[in-house]
Amino acid sequence: MRTLLVFTAMTALGADGYLRAPENVRRILDAPLPPVASVSPGRGHLLLLDREPSPSIAELARPMLRLAGHRINPRNDGPHTETSYRGATLVDLGSLARKAMAIPPGGKLTLPEWNPAGDRFAAGVIFEDRIEMWVGDVAAGVLRRVDGVRVNAAALGSNSKWFVWDGSGGVYVRAVPAGRGAAPPPPQTPVGPNVQESTGKAADTWTFQDLLGSAHDESLFDHYATAQLVRVEAAGEKWTAVGKPGILQDIRPAPGGAHLLVTRVRRPYSWLYPASAFPLEVEVWDAKTGAAKTVASLPLADAVSMDGVRTGMRPVGWKPDEAAALILVEAMDGGNPKELVPHRDRLVVVRAPFTEPTQLGLVENRFTTARFLRGGRVLVTESNRETRWVRTMMAGESAKVIEDRSSRDRYKNPGDPVTETLLNAQTVVMEHEGVVYYRGDGASPNGDRPFLDSLDLATMRRTRLFTSDAGAYEHVVAVLSRDGRRLLTQRESATEPPNYFVLDGGRRTKVSDYRDPAPELRGVTKRLITYKRNDGVPLSMTLYLPPGHKEGTRLPAVLYAYPLEFNDAATAGQVTTTANRFTTPNGASHLYLLLAGFAILDGASLPVVGNLKTANDTYIDQIVAGAKAAIDAAAATGAVDPARVGATGHSYGGFMTANLLAHSDLFKAGVARSGAYNRTLTPFGFQGERRTFWQAQDIYLKMSPFVHAQKINEPVLLIHGMADNNPGTFPVQSERLYQAIRGNGGRAKLVMLPHESHGYAARESIEHVIAETTAWFEKYLK
């Protein structure tokens, strides 16, 4: 069987030259994905959304404009790739009655946005040449198109919603401006050189991609990113343009309905930073006339240090219990975390007519989030990156601490508060008779056991309302009743595929019916293994054994890991996984190697422990020690042959793989995907490293596999997307490492995937990566 798998992987070429994965893998790739749940604000209805399968390479090859950090599809004024859905089923959470909602032929549905009452939702329908706005009517169980509105989603902010409801039955959407005209053509001949000049001011920065690079790029960005704000009535029959067209990064209606908070991008643009760093105007608009009043002007963020923030007032949002009270936060350290100050941020409120700010309070560390409760109370979260510490307090005269812990301490993580949407469209923490609810992963030395807690705000006493069974992984999706007794959960186990359930007291009612997409994987066995590094740091991993494994037989194995930094050994050693999840590979997963007879050392802990400023001084020693401990622990089970182990990882895991091959002889081969291998090309920091190359040249060179290519004497397969947009992992990183290994007489193979970004999306690419990876480890581990 294994010989057949190798033959199939290496010889089944498609007409376009892509390798095909084995038939049993293709069956899994063809299977439907688990549905996605979207619960209405009133918690009375649920949309089950059927996800689109992997796109074809033809879809990925569509025209793409790479402008200011955005990837734009110029044909339909949307993002080049977007998560979409091919089916939607409306479920009544009372009766559990179901109704399929028809999606227009040829269209793909975007994630819906519910109105505050929960009786309608808005969604985009993506076509090849346009994006339409549709409104879902819960009572009728139908979708209706909004005529005359062409959605512009070309350059939204990372947290921007496509559709934003207010509390008066209207929904805002960015539309293509009327009469926009054709895109500006490129100049036939250059009008001059592209020139950049520094002014002598130091400014460290990430190595961003997809940036503007010419005056024509700037014109294209203006053309595609500029949108007209439109307010659509709830039924979708009427709409009105609001304000002037602009590059509208964020839109938030005020609780009273008379104002809008609008964050607008303005010139001058940068050719070194993405649009998220461009100058911003924070404005309050009249919701009817669009008349704008500037609340804050934020300059180009070209002097913001690593982990710093902009100077000026940064918008937080509306105070939900007032008609028009805007919360903003301002850095008191110049936005620089290296400055020693008693307080890093201050919170202020600006009320209509939005002239004079009033200070609400000071924040010792960097402000992270504000979560409001009814009555104006607020939970403020702050963080300290250097100490990796997070603290949440209920602000007020007698502040109460909700959490105060290391951000890496999963065991002490209290979870996140459950929120709800008020009828004025504002989001607040759900509260019932002085009690709020927290849901979390429930990390423990025995693996994750998700939970729901109630927290009495008067006494700060917690009560556990729900815990996942020891043999399953069940997490709370929504709290359906205010008293916390009725829940919507998603449950799975090693043998049960993930499905949604309504829990009401002791009764569990199934809501979805997702079937096992890969019965052949049910023969896989897995277990959580804990062990220690040679310096005593506790570690863990999940050991997967393939179907049909016979006790006492030692197998070739592949280690998959992703190193993380920790301040102390205690948190570094915490268990980060569970054996109770349903095994279904996604995308080009390494778990497909199980079907080829390999054992998998999955999620092996490779912590880098130490002070944030100097932890990487011993990076190599620590990841090698962690890898050796994992191999020894797996070998001790009697199921893994320590002389036939390979290593693989993606991104920082690919970087790890190359370093393990360069600095140890633990592995027989490796597959490194989309990594950065020459750290001099990320000179202002990477991952947790904040020293620049000029401050720590020896560390940058020591950690760069490219510099040690002559030591990589095990065969390595390098895979990279040719359109990788992740800061630091430029495709040239894999190309140059391949040349270095080849030039020094090493064994390497380079696979560059057309049109693929940092993660691999096209079905053809996914099959090719699986086939190449399987064949590589078959050849060198078996």
# chains A, B, ... in the order shown; residues from 1 in each chain; ligands from 1
call {"tool": "select_by_dssp", "arguments": {"residues": "range 327-553 of chain A", "states": "helix (DSSP H, G or I)", "output": "list in words"}}
result
Arg374, Gly375, Gly376, Pro519, Glu520, Leu521, Arg522 and Gly523 of chain A
call {"tool": "residues_around", "arguments": {"residues": "range 456-463 of chain A", "least_positions_apart": "5", "cutoff": "12 Å", "atoms": "only C-alpha atoms", "output": "JSON, numbers by chain"}}
result
{"A": [373, 377, 378, 379, 393, 394, 395, 398, 399, 400, 401, 402, 403, 414, 415, 429, 431, 432, 433, 434, 435, 436, 437, 438, 439, 451, 484]}
call {"tool": "closest_residue", "arguments": {"among": "A:His758, A:Arg62, A:Arg174, A:Arg408", "to": "Asn384 in chain A", "atoms": "only C-alpha atoms"}}
result
A:Arg408
call {"tool": "closest_residue", "arguments": {"among": "A:Ala676, A:Leu718, A:Leu601, A:His755", "to": "Gln739 in chain A", "atoms": "only C-alpha atoms"}}
result
A:Leu718
call {"tool": "residues_around", "arguments": {"residues": "Trp389 in chain A", "least_positions_apart": "4", "cutoff": "6 Å", "atoms": "only C-alpha atoms", "output": "list of chain:residue names"}}
result
A:Ser383, A:Asn384, A:Arg405, A:Ser406, A:Ser407
call {"tool": "atom_distance", "arguments": {"atom1": "CA of Ile72 in chain A", "atom2": "CA of Arg51 in chain A"}}
result
21.6 Å
call {"tool": "residues_around", "arguments": {"residues": "Ser757 in chain A", "least_positions_apart": "6", "cutoff": "6 Å", "atoms": "only C-alpha atoms", "output": "number ranges by chain"}}
result
A: 721, 723-725
call {"tool": "residues_around", "arguments": {"residues": "Glu756 in chain A", "least_positions_apart": "5", "cutoff": "9 Å", "atoms": "only C-alpha atoms", "output": "list in words"}}
result
Ile57, Leu60, His720, Gly721, Met722, Ala723, Asp724, Ala761, Ala762 and Ser765 of chain A
call {"tool": "write_last_selection", "arguments": {"atoms": "all heavy atoms", "output": "PDB file, in the first residue's frame"}}
result
ATOM      1  N   ILE A  57      -7.089  26.938  -8.919  1.00  0.00           N
ATOM      2  CA  ILE A  57      -5.963  27.820  -9.222  1.00  0.00           C
ATOM      3  C   ILE A  57      -6.402  28.882 -10.229  1.00  0.00           C
ATOM      4  O   ILE A  57      -5.870  30.003 -10.234  1.00  0.00           O
ATOM      5  CB  ILE A  57      -4.758  27.009  -9.757  1.00  0.00           C
ATOM      6  CG1 ILE A  57      -3.492  27.875  -9.768  1.00  0.00           C
ATOM      7  CG2 ILE A  57      -5.038  26.414 -11.111  1.00  0.00           C
ATOM      8  CD1 ILE A  57      -3.013  28.314  -8.409  1.00  0.00           C
ATOM      9  N   LEU A  60      -7.643  31.710  -8.218  1.00  0.00           N
ATOM     10  CA  LEU A  60      -6.544  32.447  -7.595  1.00  0.00           C
ATOM     11  C   LEU A  60      -5.778  33.280  -8.626  1.00  0.00           C
ATOM     12  O   LEU A  60      -5.139  34.280  -8.267  1.00  0.00           O
ATOM     13  CB  LEU A  60      -5.589  31.467  -6.909  1.00  0.00           C
ATOM     14  CG  LEU A  60      -5.390  31.677  -5.408  1.00  0.00           C
ATOM     15  CD1 LEU A  60      -6.717  31.555  -4.684  1.00  0.00           C
ATOM     16  CD2 LEU A  60      -4.402  30.656  -4.853  1.00  0.00           C
ATOM     17  N   HIS A 720       7.062  27.354  -0.962  1.00  0.00           N
ATOM     18  CA  HIS A 720       6.748  28.764  -0.706  1.00  0.00           C
ATOM     19  C   HIS A 720       5.715  29.258  -1.715  1.00  0.00           C
ATOM     20  O   HIS A 720       5.761  28.902  -2.899  1.00  0.00           O
ATOM     21  CB  HIS A 720       8.007  29.629  -0.818  1.00  0.00           C
ATOM     22  CG  HIS A 720       8.045  30.776   0.144  1.00  0.00           C
ATOM     23  ND1 HIS A 720       9.019  30.923   1.113  1.00  0.00           N
ATOM     24  CD2 HIS A 720       7.216  31.832   0.309  1.00  0.00           C
ATOM     25  CE1 HIS A 720       8.808  32.013   1.817  1.00  0.00           C
ATOM     26  NE2 HIS A 720       7.702  32.595   1.338  1.00  0.00           N
ATOM     27  N   GLY A 721       4.778  30.071  -1.264  1.00  0.00           N
ATOM     28  CA  GLY A 721       3.843  30.726  -2.159  1.00  0.00           C
ATOM     29  C   GLY A 721       4.526  31.878  -2.876  1.00  0.00           C
ATOM     30  O   GLY A 721       5.204  32.701  -2.244  1.00  0.00           O
ATOM     31  N   MET A 722       4.331  31.967  -4.172  1.00  0.00           N
ATOM     32  CA  MET A 722       4.996  33.012  -4.951  1.00  0.00           C
ATOM     33  C   MET A 722       4.392  34.387  -4.708  1.00  0.00           C
ATOM     34  O   MET A 722       4.979  35.400  -5.088  1.00  0.00           O
ATOM     35  CB  MET A 722       4.944  32.661  -6.436  1.00  0.00           C
ATOM     36  CG  MET A 722       5.754  31.429  -6.791  1.00  0.00           C
ATOM     37  SD  MET A 722       5.562  30.895  -8.515  1.00  0.00           S
ATOM     38  CE  MET A 722       6.350  32.257  -9.379  1.00  0.00           C
ATOM     39  N   ALA A 723       3.222  34.434  -4.081  1.00  0.00           N
ATOM     40  CA  ALA A 723       2.585  35.715  -3.757  1.00  0.00           C
ATOM     41  C   ALA A 723       2.458  35.873  -2.242  1.00  0.00           C
ATOM     42  O   ALA A 723       1.492  36.472  -1.751  1.00  0.00           O
ATOM     43  CB  ALA A 723       1.225  35.813  -4.423  1.00  0.00           C
ATOM     44  N   ASP A 724       3.417  35.349  -1.508  1.00  0.00           N
ATOM     45  CA  ASP A 724       3.402  35.447  -0.040  1.00  0.00           C
ATOM     46  C   ASP A 724       3.356  36.918   0.374  1.00  0.00           C
ATOM     47  O   ASP A 724       4.178  37.718  -0.050  1.00  0.00           O
ATOM     48  CB  ASP A 724       4.661  34.781   0.520  1.00  0.00           C
ATOM     49  CG  ASP A 724       4.599  34.562   2.031  1.00  0.00           C
ATOM     50  OD1 ASP A 724       3.944  35.364   2.733  1.00  0.00           O
ATOM     51  OD2 ASP A 724       5.201  33.588   2.510  1.00  0.00           O
ATOM     52  N   ALA A 761      -4.104  28.036  -0.739  1.00  0.00           N
ATOM     53  CA  ALA A 761      -5.559  28.019  -0.850  1.00  0.00           C
ATOM     54  C   ALA A 761      -6.087  27.156  -1.986  1.00  0.00           C
ATOM     55  O   ALA A 761      -7.083  26.450  -1.809  1.00  0.00           O
ATOM     56  CB  ALA A 761      -6.079  29.451  -1.009  1.00  0.00           C
ATOM     57  N   ALA A 762      -5.474  27.200  -3.162  1.00  0.00           N
ATOM     58  CA  ALA A 762      -6.020  26.523  -4.333  1.00  0.00           C
ATOM     59  C   ALA A 762      -5.981  25.013  -4.156  1.00  0.00           C
ATOM     60  O   ALA A 762      -5.031  24.456  -3.601  1.00  0.00           O
ATOM     61  CB  ALA A 762      -5.252  26.921  -5.583  1.00  0.00           C
ATOM     62  N   SER A 765      -2.868  23.465  -5.563  1.00  0.00           N
ATOM     63  CA  SER A 765      -1.680  23.691  -4.733  1.00  0.00           C
ATOM     64  C   SER A 765      -1.688  22.768  -3.520  1.00  0.00           C
ATOM     65  O   SER A 765      -0.654  22.206  -3.135  1.00  0.00           O
ATOM     66  CB  SER A 765      -1.631  25.150  -4.275  1.00  0.00           C
ATOM     67  OG  SER A 765      -1.615  26.030  -5.370  1.00  0.00           O
TER      68      SER A 765
END
call {"tool": "residues_around", "arguments": {"residues": "Val537 in chain A", "least_positions_apart": "4", "cutoff": "10 Å", "atoms": "only C-alpha atoms", "output": "VMD selection string"}}
result
chain A and resid 531 to 533 568 to 574 607 609 626
call {"tool": "closest_atom_pairs", "arguments": {"of": "range 102-181 of chain A", "to": "range 226-238 of chain A", "cutoff": "12 Å", "atoms": "only C-alpha atoms", "output": "CSV"}}
result
residue,atom,partner,partner_atom,distance
A:Trp114,CA,A:Ala234,CA,10.7
A:Asn115,CA,A:Ala234,CA,8.4
A:Pro116,CA,A:Ala234,CA,11.0
A:Ala117,CA,A:Ala234,CA,10.8
A:Gly118,CA,A:Ala234,CA,11.4
A:Asp119,CA,A:Ala234,CA,9.7
A:Arg120,CA,A:Ala234,CA,7.5
A:Phe121,CA,A:Ala234,CA,8.7
A:Ala122,CA,A:Ala234,CA,8.9
A:Ala123,CA,A:Gly236,CA,11.4
A:Glu132,CA,A:Gly236,CA,11.8
A:Met133,CA,A:Gly236,CA,8.8
A:Trp134,CA,A:Gly236,CA,7.6
A:Val135,CA,A:Gly236,CA,6.2
A:Gly136,CA,A:Ala235,CA,8.7
A:Asp137,CA,A:Ala235,CA,7.9
A:Val138,CA,A:Ala235,CA,11.2
A:Ala139,CA,A:Ala235,CA,11.9
A:Ala140,CA,A:Ala235,CA,11.7
A:Val142,CA,A:Ala235,CA,11.5
A:Leu143,CA,A:Gly236,CA,10.1
A:Arg144,CA,A:Gly236,CA,7.4
A:Arg145,CA,A:Gly236,CA,7.2
A:Val146,CA,A:Gly236,CA,5.2
A:Asp147,CA,A:Glu237,CA,7.6
A:Gly148,CA,A:Lys238,CA,9.5
A:Val149,CA,A:Val230,CA,8.3
A:Arg150,CA,A:Gln228,CA,10.1
A:Val151,CA,A:Ala227,CA,8.7
A:Asn152,CA,A:Ala227,CA,6.3
A:Ala153,CA,A:Ala227,CA,8.6
A:Ala154,CA,A:Thr226,CA,8.8
A:Ala155,CA,A:Thr226,CA,8.5
A:Leu156,CA,A:Ala227,CA,10.1
A:Trp162,CA,A:Leu229,CA,11.2
A:Phe163,CA,A:Arg231,CA,9.8
A:Val164,CA,A:Arg231,CA,9.2
A:Trp165,CA,A:Ala234,CA,8.9
A:Asp166,CA,A:Arg231,CA,9.4
A:Gly167,CA,A:Ala234,CA,10.6
A:Ser168,CA,A:Ala234,CA,8.7
A:Gly169,CA,A:Ala234,CA,5.1
A:Gly170,CA,A:Glu233,CA,4.6
A:Val171,CA,A:Val232,CA,5.2
A:Tyr172,CA,A:Arg231,CA,4.5
A:Val173,CA,A:Val230,CA,5.4
A:Arg174,CA,A:Leu229,CA,4.7
A:Ala175,CA,A:Gln228,CA,5.1
A:Val176,CA,A:Ala227,CA,5.3
A:Pro177,CA,A:Gln228,CA,5.1
A:Ala178,CA,A:Gln228,CA,8.2
A:Gly179,CA,A:Gln228,CA,11.2
A:Arg180,CA,A:Thr226,CA,9.4
call {"tool": "residues_around", "arguments": {"residues": "Arg763 in chain A", "least_positions_apart": "2", "cutoff": "6 Å", "atoms": "only C-alpha atoms", "output": "VMD selection string"}}
result
chain A and resid 54 56 765 to 766
call {"tool": "write_last_selection", "arguments": {"atoms": "all heavy atoms", "output": "short mmCIF file (atom, residue, chain, number, x, y, z; two decimals), in the first residue's frame"}}
result
data_model
loop_
_atom_site.label_atom_id
_atom_site.label_comp_id
_atom_site.auth_asym_id
_atom_site.auth_seq_id
_atom_site.Cartn_x
_atom_site.Cartn_y
_atom_site.Cartn_z
N SER A 54 -12.08 24.59 -1.30
CA SER A 54 -10.89 25.30 -1.77
C SER A 54 -11.12 25.83 -3.18
O SER A 54 -11.64 25.12 -4.04
CB SER A 54 -9.67 24.38 -1.76
OG SER A 54 -9.43 23.90 -0.46
N SER A 56 -10.19 27.00 -7.04
CA SER A 56 -9.28 26.45 -8.05
C SER A 56 -8.14 27.42 -8.28
O SER A 56 -8.21 28.60 -7.91
CB SER A 56 -10.03 26.21 -9.37
OG SER A 56 -10.41 27.46 -9.93
N SER A 765 -2.87 23.47 -5.56
CA SER A 765 -1.68 23.69 -4.73
C SER A 765 -1.69 22.77 -3.52
O SER A 765 -0.65 22.21 -3.13
CB SER A 765 -1.63 25.15 -4.27
OG SER A 765 -1.61 26.03 -5.37
N ILE A 766 -2.86 22.63 -2.90
CA ILE A 766 -2.98 21.79 -1.72
C ILE A 766 -2.61 20.34 -2.04
O ILE A 766 -1.83 19.70 -1.34
CB ILE A 766 -4.40 21.88 -1.14
CG1 ILE A 766 -4.61 23.26 -0.50
CG2 ILE A 766 -4.65 20.78 -0.11
CD1 ILE A 766 -6.04 23.55 -0.12
#
call {"tool": "closest_residue", "arguments": {"among": "A:Val91, A:Ala331, A:Val265, A:Leu750", "to": "Leu300 in chain A", "atoms": "only C-alpha atoms"}}
result
A:Val265
call {"tool": "closest_residue", "arguments": {"among": "A:Ala604, A:Leu212, A:Val284, A:Ala102", "to": "Leu49 in chain A", "atoms": "only C-alpha atoms"}}
result
A:Ala102
call {"tool": "select_by_dssp", "arguments": {"residues": "range 419-627 of chain A", "states": "strand (DSSP E)", "output": "PyMOL selection string"}}
result
chain A and resi 419-421+427-429+431-432+435-440+451-456+462-467+473-479+486-492+499-504+507-510+525-532+538-545+555-560+564-566+599-602+607-609
call {"tool": "closest_atom_pairs", "arguments": {"of": "range 27-108 of chain A", "to": "range 495-515 of chain A", "cutoff": "12 Å", "atoms": "only C-alpha atoms", "output": "CSV"}}
result
residue,atom,partner,partner_atom,distance
A:Ile28,CA,A:Arg515,CA,11.9
A:Ala31,CA,A:Arg515,CA,9.4
A:Pro32,CA,A:Tyr514,CA,8.5
A:Leu33,CA,A:Tyr514,CA,8.3
A:Pro34,CA,A:Tyr514,CA,6.2
A:Pro35,CA,A:Tyr514,CA,7.5
A:Val36,CA,A:Tyr500,CA,9.5
A:Ala37,CA,A:Tyr500,CA,8.3
A:Ser38,CA,A:Tyr500,CA,11.4
A:Val39,CA,A:Tyr500,CA,11.7
A:Arg43,CA,A:Val502,CA,11.6
A:Gly44,CA,A:Val502,CA,11.8
A:His45,CA,A:Val511,CA,11.4
A:Leu46,CA,A:Val511,CA,9.5
A:Leu47,CA,A:Ser512,CA,10.6
A:Leu48,CA,A:Ser512,CA,7.9
A:Leu49,CA,A:Ser512,CA,10.6
A:Asp50,CA,A:Tyr514,CA,10.5
A:Thr89,CA,A:Ser512,CA,9.9
A:Leu90,CA,A:Val511,CA,10.9
A:Val91,CA,A:Val511,CA,8.1
A:Asp92,CA,A:Val511,CA,9.8
A:Leu93,CA,A:Val502,CA,8.0
A:Gly94,CA,A:Val502,CA,9.7
A:Ser95,CA,A:Val511,CA,10.6
A:Leu96,CA,A:Val511,CA,7.1
A:Ala97,CA,A:Val511,CA,9.6
A:Arg98,CA,A:Val511,CA,9.3
call {"tool": "atom_distance", "arguments": {"atom1": "CA of Phe208 in chain A", "atom2": "CA of His80 in chain A"}}
result
18.2 Å
call {"tool": "closest_residue", "arguments": {"among": "A:Ala662, A:Val348, A:Arg385, A:Ala303", "to": "Ala202 in chain A", "atoms": "only C-alpha atoms"}}
result
A:Ala303
call {"tool": "atom_distance", "arguments": {"atom1": "CA of Lys711 in chain A", "atom2": "CA of Val732 in chain A"}}
result
20.4 Å
call {"tool": "closest_residue", "arguments": {"among": "A:Ala88, A:Val295, A:Val640, A:Met306", "to": "Thr692 in chain A", "atoms": "only C-alpha atoms"}}
result
A:Met306
